[in-house]
$ cat model_6.txt   # compact mmCIF, C-alpha atoms
# COMPACT_ATOMS: atom_id res chain seq x y z
CA MET A 1017 0.00 0.00 0.00
CA HIS A 1018 2.84 2.41 0.80
CA ALA A 1019 5.66 0.88 -1.22
CA ASP A 1020 6.30 3.94 -3.39
CA ILE A 1021 7.62 5.99 -0.43
CA PRO A 1022 9.71 3.93 2.00
CA ALA A 1023 8.55 4.08 5.60
CA ALA A 1024 12.01 5.19 6.68
CA SER A 1025 11.83 8.18 4.33
CA ARG A 1026 8.41 9.25 5.59
CA SER A 1027 9.39 8.92 9.24
CA ALA A 1028 12.63 10.83 8.59
CA ALA A 1029 10.62 13.65 7.03
CA ILE A 1030 8.45 13.86 10.13
CA ARG A 1031 11.50 13.95 12.40
CA ARG A 1032 13.00 16.79 10.37
CA GLY A 1033 9.75 18.72 10.33
CA SER A 1034 8.62 18.15 13.91
CA ARG A 1035 10.44 16.05 16.46
CA SER A 1036 7.53 16.34 18.88
CA PHE A 1037 5.06 15.00 16.33
CA ALA A 1038 7.53 12.29 15.28
CA LEU A 1039 7.66 11.05 18.87
CA ALA A 1040 3.88 10.83 19.09
CA ALA A 1041 3.55 9.19 15.66
CA ARG A 1042 5.62 6.20 16.80
CA LEU A 1043 2.84 5.29 19.24
CA PHE A 1044 0.16 4.64 16.60
CA ASP A 1045 -0.63 1.13 15.41
CA PRO A 1046 1.23 0.39 12.13
CA GLN A 1047 -1.73 0.90 9.79
CA THR A 1048 -2.77 4.21 11.36
CA ARG A 1049 0.85 5.34 11.56
CA ALA A 1050 1.33 4.82 7.82
CA LEU A 1051 -1.72 6.97 7.04
CA VAL A 1052 -0.68 9.62 9.55
CA TRP A 1053 2.76 9.75 7.92
CA ASP A 1054 1.13 10.13 4.51
CA LEU A 1055 -1.14 12.93 5.65
CA TYR A 1056 1.77 14.69 7.36
CA THR A 1057 3.83 14.37 4.17
CA TRP A 1058 1.20 16.27 2.19
CA CYS A 1059 0.64 18.90 4.91
CA ARG A 1060 4.39 19.47 5.30
CA HIS A 1061 4.86 19.80 1.54
CA CYS A 1062 2.09 22.42 1.24
CA ASP A 1063 3.52 24.41 4.14
CA ASP A 1064 7.06 24.26 2.75
CA VAL A 1065 5.94 25.36 -0.73
CA ILE A 1066 4.11 28.44 0.56
CA ASP A 1067 6.75 29.38 3.14
CA GLY A 1068 9.80 28.55 1.01
CA GLN A 1069 11.01 26.15 3.68
CA ALA A 1070 12.60 22.73 3.91
CA TYR A 1071 10.79 20.60 6.50
CA GLY A 1072 9.55 23.70 8.29
CA HIS A 1073 12.90 25.45 8.61
CA ALA A 1074 14.65 28.50 7.06
CA SER A 1075 11.49 30.34 6.09
CA SER A 1076 11.58 32.49 2.96
CA PRO A 1077 8.04 32.90 1.54
CA ALA A 1078 7.67 31.91 -2.10
CA ALA A 1079 8.17 34.75 -4.61
CA ASP A 1080 5.02 33.78 -6.51
CA ALA A 1081 3.06 32.25 -3.68
CA ALA A 1082 -0.33 32.79 -5.36
CA THR A 1083 0.68 30.63 -8.33
CA ALA A 1084 2.16 28.03 -5.99
CA LEU A 1085 -1.10 27.93 -4.04
CA ASP A 1086 -3.15 27.47 -7.21
CA GLU A 1087 -0.97 24.52 -8.14
CA LEU A 1088 -1.35 23.02 -4.67
CA ARG A 1089 -5.13 23.30 -5.00
CA ARG A 1090 -5.18 21.69 -8.45
CA SER A 1091 -2.86 18.85 -7.47
CA SER A 1092 -4.69 18.22 -4.20
CA GLU A 1093 -8.08 18.14 -5.91
CA ALA A 1094 -6.72 15.64 -8.43
CA ALA A 1095 -5.26 13.54 -5.61
CA LEU A 1096 -8.67 13.39 -3.93
CA ARG A 1097 -9.97 11.92 -7.19
CA GLY A 1098 -7.17 9.36 -7.14
CA VAL A 1099 -5.04 11.10 -9.77
CA ALA A 1100 -1.53 11.61 -8.42
CA ALA A 1101 1.98 10.48 -9.24
CA PRO A 1102 3.35 7.76 -6.94
CA GLY A 1103 6.19 8.85 -4.70
CA THR A 1104 4.88 12.42 -4.34
CA PRO A 1105 3.11 14.19 -1.46
CA PHE A 1106 -0.04 14.15 -3.59
CA GLY A 1107 0.28 10.40 -3.99
CA ALA A 1108 0.36 10.26 -0.20
CA LEU A 1109 -2.83 12.35 0.01
CA ALA A 1110 -4.48 10.10 -2.59
CA ARG A 1111 -3.75 7.04 -0.43
CA VAL A 1112 -5.27 8.69 2.62
CA ALA A 1113 -8.37 9.71 0.68
CA ASP A 1114 -8.77 6.22 -0.77
CA ALA A 1115 -8.30 4.46 2.57
CA THR A 1116 -10.48 6.73 4.71
CA HIS A 1117 -12.86 8.56 2.32
CA LEU A 1118 -11.41 11.78 3.66
CA PRO A 1119 -13.94 14.60 3.08
CA PRO A 1120 -12.53 17.06 0.52
CA ILE A 1121 -14.06 20.00 2.38
CA ILE A 1122 -11.55 19.56 5.23
CA VAL A 1123 -8.64 19.41 2.80
CA PHE A 1124 -9.72 22.69 1.25
CA ASP A 1125 -10.31 24.23 4.66
CA HIS A 1126 -6.62 23.59 5.30
CA LEU A 1127 -5.55 25.02 1.96
CA ASP A 1128 -7.55 28.14 2.82
CA GLY A 1129 -5.11 28.66 5.68
CA PHE A 1130 -2.25 28.92 3.21
CA ALA A 1131 -4.36 31.36 1.20
CA MET A 1132 -4.51 33.55 4.31
CA ASP A 1133 -0.70 33.57 4.43
CA VAL A 1134 -0.45 34.33 0.73
CA ALA A 1135 -2.83 37.27 1.22
CA HIS A 1136 -0.70 38.50 4.16
CA THR A 1137 -3.77 38.33 6.39
CA ARG A 1138 -3.48 40.41 9.55
CA CYS A 1139 -5.32 39.39 12.71
CA ALA A 1140 -7.18 42.45 13.91
CA THR A 1141 -8.92 40.55 16.72
CA PHE A 1142 -8.57 37.27 18.57
CA ASP A 1143 -11.45 35.91 16.48
CA ASP A 1144 -9.24 36.46 13.42
CA THR A 1145 -6.38 34.60 15.10
CA LEU A 1146 -8.72 31.71 15.89
CA GLU A 1147 -9.99 31.57 12.33
CA TYR A 1148 -6.42 31.39 11.07
CA ALA A 1149 -5.51 28.77 13.68
CA TYR A 1150 -8.46 26.63 12.62
CA HIS A 1151 -7.52 26.65 8.96
CA VAL A 1152 -3.81 25.96 9.41
CA ALA A 1153 -4.07 23.49 12.30
CA GLY A 1154 -7.64 22.84 13.46
CA ALA A 1155 -8.43 21.39 10.03
CA VAL A 1156 -5.36 19.19 10.33
CA GLY A 1157 -6.72 17.99 13.69
CA LEU A 1158 -9.96 17.08 11.91
CA MET A 1159 -8.13 15.19 9.18
CA MET A 1160 -5.94 13.33 11.66
CA ALA A 1161 -8.97 12.37 13.76
CA TRP A 1162 -10.71 11.14 10.61
CA VAL A 1163 -7.68 9.00 9.76
CA MET A 1164 -7.86 7.53 13.29
CA GLY A 1165 -11.46 6.51 12.66
CA ALA A 1166 -13.29 9.31 14.49
CA ARG A 1167 -16.71 10.06 12.99
CA ASN A 1168 -18.53 11.25 16.13
CA ARG A 1169 -19.16 14.99 15.85
CA GLU A 1170 -18.17 15.54 19.46
CA ALA A 1171 -14.82 13.89 18.77
CA LEU A 1172 -14.31 16.00 15.66
CA TYR A 1173 -15.07 19.28 17.43
CA ARG A 1174 -12.57 18.37 20.13
CA ALA A 1175 -9.99 17.39 17.49
CA SER A 1176 -10.33 20.84 15.95
CA ASP A 1177 -9.88 22.31 19.42
CA LEU A 1178 -6.60 20.45 19.86
CA GLY A 1179 -5.30 21.61 16.48
CA ILE A 1180 -6.17 25.19 17.39
CA ALA A 1181 -4.44 24.80 20.75
CA PHE A 1182 -1.30 23.50 19.02
CA GLN A 1183 -1.29 26.48 16.66
CA LEU A 1184 -1.74 29.00 19.44
CA SER A 1185 1.30 27.44 21.15
CA ASN A 1186 3.20 27.68 17.87
CA ILE A 1187 2.22 31.33 17.40
CA ALA A 1188 3.45 32.10 20.90
CA ARG A 1189 6.77 30.35 20.34
CA ASP A 1190 7.36 31.75 16.85
CA VAL A 1191 6.47 35.44 17.32
CA GLY A 1192 10.03 36.49 16.53
CA ASP A 1193 10.54 34.19 13.54
CA ASP A 1194 7.17 35.16 12.07
CA ALA A 1195 7.86 38.87 12.47
CA ARG A 1196 11.13 38.56 10.55
CA VAL A 1197 9.27 37.22 7.50
CA GLY A 1198 6.52 39.83 7.74
CA ARG A 1199 3.86 37.86 9.58
CA VAL A 1200 2.03 38.82 12.76
CA TYR A 1201 -0.63 36.50 14.15
CA LEU A 1202 -1.12 38.09 17.57
CA PRO A 1203 -4.38 40.09 17.66
CA ALA A 1204 -3.70 43.73 16.78
CA ASP A 1205 -6.21 44.98 19.35
CA TRP A 1206 -4.42 43.03 22.10
CA LEU A 1207 -1.10 44.54 21.04
CA ASP A 1208 -2.62 48.02 21.04
CA GLU A 1209 -4.09 47.52 24.52
CA ALA A 1210 -0.66 46.45 25.80
CA GLY A 1211 1.16 49.30 24.07
CA ALA A 1212 3.16 46.69 22.15
CA ALA A 1213 4.30 46.94 18.56
CA ILE A 1214 5.63 44.33 16.13
CA GLU A 1215 7.15 45.63 12.93
CA PRO A 1216 6.63 43.08 10.14
CA GLY A 1217 9.93 42.26 8.50
CA ALA A 1218 12.02 43.29 11.49
CA ALA A 1219 13.45 41.43 14.46
CA ILE A 1220 11.85 41.95 17.86
CA ASP A 1221 14.20 44.02 20.01
CA GLU A 1222 14.42 43.75 23.79
CA ALA A 1223 12.08 46.67 24.46
CA SER A 1224 9.43 45.29 22.10
CA ALA A 1225 9.79 41.82 23.59
CA SER A 1226 9.02 43.16 27.05
CA ALA A 1227 5.76 44.66 25.80
CA VAL A 1228 4.84 41.64 23.67
CA ALA A 1229 5.42 39.05 26.41
CA PRO A 1230 2.16 39.80 28.32
CA VAL A 1231 0.21 39.54 25.06
CA VAL A 1232 1.75 36.13 24.42
CA ALA A 1233 0.89 35.08 27.98
CA ARG A 1234 -2.71 36.07 27.26
CA LEU A 1235 -2.68 33.98 24.08
CA VAL A 1236 -1.36 30.94 25.95
CA ARG A 1237 -4.09 31.33 28.57
CA GLU A 1238 -6.63 31.13 25.77
CA ALA A 1239 -4.82 28.08 24.37
CA GLU A 1240 -5.33 26.35 27.74
CA ARG A 1241 -9.10 26.44 27.17
CA TYR A 1242 -8.66 24.58 23.90
CA TYR A 1243 -6.28 22.04 25.41
CA ASP A 1244 -8.82 21.43 28.18
CA SER A 1245 -11.67 20.97 25.70
CA ALA A 1246 -9.64 18.60 23.51
CA TRP A 1247 -9.14 16.26 26.47
CA TYR A 1248 -12.76 15.14 26.29
CA GLY A 1249 -12.50 14.03 22.68
CA LEU A 1250 -9.61 11.64 23.19
CA ARG A 1251 -11.82 8.92 24.67
CA TYR A 1252 -13.44 8.41 21.26
CA LEU A 1253 -10.16 7.24 19.73
CA PRO A 1254 -8.65 3.74 19.69
CA LEU A 1255 -6.28 3.25 22.61
CA ARG A 1256 -2.99 3.59 20.70
CA SER A 1257 -4.25 6.61 18.81
CA ALA A 1258 -5.36 8.20 22.07
CA TRP A 1259 -1.91 7.48 23.49
CA ALA A 1260 -0.19 9.19 20.56
CA VAL A 1261 -2.45 12.24 20.63
CA THR A 1262 -2.38 12.58 24.41
CA THR A 1263 1.43 12.51 24.32
CA ALA A 1264 1.48 15.24 21.66
CA ARG A 1265 -0.97 17.26 23.75
CA VAL A 1266 1.32 17.13 26.79
CA VAL A 1267 4.39 18.17 24.77
CA TYR A 1268 2.83 21.02 22.80
CA ARG A 1269 1.09 22.39 25.87
CA ARG A 1270 4.49 22.51 27.56
CA ILE A 1271 5.89 24.56 24.65
CA GLY A 1272 3.34 27.33 25.23
CA ARG A 1273 3.83 27.34 28.98
CA LYS A 1274 7.62 27.38 28.65
CA THR A 1275 7.42 30.28 26.20
CA VAL A 1276 5.47 32.28 28.78
CA ALA A 1277 7.94 31.35 31.52
CA ARG A 1278 10.82 32.73 29.43
CA GLY A 1279 9.11 36.11 29.26
CA ARG A 1280 10.88 38.72 27.14
CA HIS A 1281 13.71 36.25 26.45
CA ALA A 1282 11.40 33.82 24.68
CA TRP A 1283 12.46 34.89 21.18
CA THR A 1284 16.22 35.11 21.62
CA SER A 1285 16.31 31.38 20.81
CA ARG A 1286 13.74 28.75 19.93
CA THR A 1287 11.75 27.36 22.85
CA VAL A 1288 12.17 23.59 22.96
CA VAL A 1289 11.14 20.71 25.20
CA ASN A 1290 14.00 18.45 26.28
CA ARG A 1291 14.21 14.70 25.80
CA ALA A 1292 13.60 13.93 29.45
CA PHE A 1293 10.28 15.76 29.41
CA LYS A 1294 9.30 14.08 26.14
CA GLY A 1295 10.12 10.69 27.61
CA SER A 1296 7.98 11.37 30.65
CA SER A 1297 5.23 12.63 28.32
CA VAL A 1298 5.05 9.22 26.65
CA LEU A 1299 4.49 7.58 30.04
CA LEU A 1300 1.98 10.21 31.17
CA GLY A 1301 0.19 10.04 27.83
CA GLY A 1302 -0.09 6.27 28.14
CA LEU A 1303 -1.61 6.47 31.61
CA GLN A 1304 -4.00 9.25 30.64
CA SER A 1305 -5.17 7.51 27.46
CA LEU A 1306 -5.70 4.21 29.28
CA TRP A 1307 -7.92 5.96 31.81
CA LEU A 1308 -9.78 7.90 29.11
CA VAL A 1309 -10.46 4.97 26.79
CA ARG A 1310 -10.87 2.12 29.28
CA GLY A 1311 -11.94 4.02 32.39
CA PRO A 1312 -15.36 5.12 33.63
CA ARG A 1313 -17.67 7.09 31.37
CA PHE A 1314 -18.31 10.71 32.28
CA ALA A 1315 -20.20 13.63 30.80
CA SER A 1316 -18.21 16.14 28.78
CA PRO A 1317 -18.66 19.80 29.65
CA PRO A 1318 -20.10 21.96 26.86
CA ARG A 1319 -17.78 23.72 24.46
CA THR A 1320 -18.69 27.21 25.59
CA GLY A 1321 -17.21 30.21 23.80
CA LEU A 1322 -14.81 28.20 21.60
CA TYR A 1323 -14.29 28.53 17.85
CA THR A 1324 -16.74 26.17 16.14
CA PRO A 1325 -16.03 25.35 12.49
CA ALA A 1326 -19.17 25.12 10.37
CA THR A 1327 -17.51 22.38 8.29
CA ILE A 1328 -18.15 19.67 10.86
CA GLU A 1329 -21.93 19.95 10.53
CA LEU A 1330 -21.56 19.46 6.76
CA LEU A 1331 -19.75 16.14 7.09
CA ARG A 1332 -21.61 12.96 6.20

$ encode --input "model_6.txt" --output "structure tokens"
Amino acid sequence: MHADIPAASRSAAIRRGSRSFALAARLFDPQTRALVWDLYTWCRHCDDVIDGQAYGHASSPAADAATALDELRRSSEAALRGVAAPGTPFGALARVADATHLPPIIVFDHLDGFAMDVAHTRCATFDDTLEYAYHVAGAVGLMMAWVMGARNREALYRASDLGIAFQLSNIARDVGDDARVGRVYLPADWLDEAGAAIEPGAAIDEASASAVAPVVARLVREAERYYDSAWYGLRYLPLRSAWAVTTARVVYRRIGRKTVARGRHAWTSRTVVNRAFKGSSVLLGGLQSLWLVRGPRFASPPRTGLYTPATIELLR
């Protein structure tokens, strides 16, 4: 089924693009892991094309990003119809679509996130930041949950919540890197309230970092609400999938919290989670997932005041 791209090559790509995700991916059962790798391969390729990166590093946005995006849309649409060259990221997407009947609407929701980057979308309010976070990561959460067999709407809403939480953590960590390439995802009204300024295309100096740090702390507090909500969707997953996702949840949540703890120094170097913490996250994730999937049933609290993608109600 996956002979055209060796497993070692796909797993190496994940490790280069995201060590945290690579760790979690190892915990899936083999069949799910292969599909997760394939989906990640396509997502990573799209991101790299638009950002001019290699496996998520050394960002230099594409000179003709609009044309690149059009090509991604055409190739992805063809892949969803089963038309894609073997050994390509679109071949990987085609396999996922064939194996899981992945709804095209979610794929195009994700591509709309890249369109927001191409259009140099600015986030005037936190609602704008949430909309962006849904398209670039919440939709990925939906696709990943679908690959894991989730069809329950409650599970899908919570999967979107986790993707949004991940992206809010990423935004917090990457404020400096994003600013250097002309992107600002923190809400402009929050920055104004804090008397903070980020100049797109320029590095964040020490004075700016001091003003931006409280805004980032506010963002991470909002991310906590999405991490909390996502917890209640994990019980709908198979045990090994729940283990993988729970582990990723622990690690990414730590990234946001550590960014806040570093304060104005958070963007002098990349915030990372060390191997010891990741190792303990695997153990903690295993215990949490076992309790969630095999433990007593309990009522989930309502998703009050969280971003709710209309797409989920359109799924059949």

$ residues_around --input "model_6.txt" --residues "Ala1113 (chain A)" --least-positions-apart "3" --cutoff "10 Å" --atoms "all atoms listed in the file" --output "PyMOL selection string"
chain A and resi 1051+1055+1095-1098+1107-1110+1116-1120+1123+1163

$ closest_residue --input "model_6.txt" --among "A:Leu1146, A:Ala1081, A:Val1152, A:Val1267" --to "Val1289 (chain A)" --atoms "all atoms listed in the file"
A:Val1267

$ residues_around --input "model_6.txt" --residues "Ala1227 (chain A)" --least-positions-apart "6" --cutoff "10 Å" --atoms "only C-alpha atoms" --output "number ranges by chain"
A: 1207, 1210-1214, 1279-1280

$ closest_residue --input "model_6.txt" --among "A:Leu1178, A:Leu1158, A:Ala1082, A:Ala1166" --to "Ala1131 (chain A)" --atoms "only C-alpha atoms"
A:Ala1082

$ closest_residue --input "model_6.txt" --among "A:Leu1043, A:Ala1229, A:Val1112, A:Leu1127" --to "Cys1062 (chain A)" --atoms "all atoms listed in the file"
A:Leu1127

$ residues_around --input "model_6.txt" --residues "Asp1177 (chain A)" --least-positions-apart "3" --cutoff "9 Å" --atoms "all atoms listed in the file" --output "MDAnalysis selection string"
chainID A and resid 1150 1154 1157 1172:1174 1180:1182 1241:1246 1322:1324

$ decode --input "model_6.txt" --residues "region 1165-1204 of chain A" --atoms "C-alpha atoms" --output "compact mmCIF listing (two decimals), in the first residue's frame"
# COMPACT_ATOMS: atom_id res chain seq x y z
CA GLY A 1165 -11.46 6.51 12.66
CA ALA A 1166 -13.29 9.31 14.49
CA ARG A 1167 -16.71 10.06 12.99
CA ASN A 1168 -18.53 11.25 16.13
CA ARG A 1169 -19.16 14.99 15.85
CA GLU A 1170 -18.17 15.54 19.46
CA ALA A 1171 -14.82 13.89 18.77
CA LEU A 1172 -14.31 16.00 15.66
CA TYR A 1173 -15.07 19.28 17.43
CA ARG A 1174 -12.57 18.37 20.13
CA ALA A 1175 -9.99 17.39 17.49
CA SER A 1176 -10.33 20.84 15.95
CA ASP A 1177 -9.88 22.31 19.42
CA LEU A 1178 -6.60 20.45 19.86
CA GLY A 1179 -5.30 21.61 16.48
CA ILE A 1180 -6.17 25.19 17.39
CA ALA A 1181 -4.44 24.80 20.75
CA PHE A 1182 -1.30 23.50 19.02
CA GLN A 1183 -1.29 26.48 16.66
CA LEU A 1184 -1.74 29.00 19.44
CA SER A 1185 1.30 27.44 21.15
CA ASN A 1186 3.20 27.68 17.87
CA ILE A 1187 2.22 31.33 17.40
CA ALA A 1188 3.45 32.10 20.90
CA ARG A 1189 6.77 30.35 20.34
CA ASP A 1190 7.36 31.75 16.85
CA VAL A 1191 6.47 35.44 17.32
CA GLY A 1192 10.03 36.49 16.53
CA ASP A 1193 10.54 34.19 13.54
CA ASP A 1194 7.17 35.16 12.07
CA ALA A 1195 7.86 38.87 12.47
CA ARG A 1196 11.13 38.56 10.55
CA VAL A 1197 9.27 37.22 7.50
CA GLY A 1198 6.52 39.83 7.74
CA ARG A 1199 3.86 37.86 9.58
CA VAL A 1200 2.03 38.82 12.76
CA TYR A 1201 -0.63 36.50 14.15
CA LEU A 1202 -1.12 38.09 17.57
CA PRO A 1203 -4.38 40.09 17.66
CA ALA A 1204 -3.70 43.73 16.78
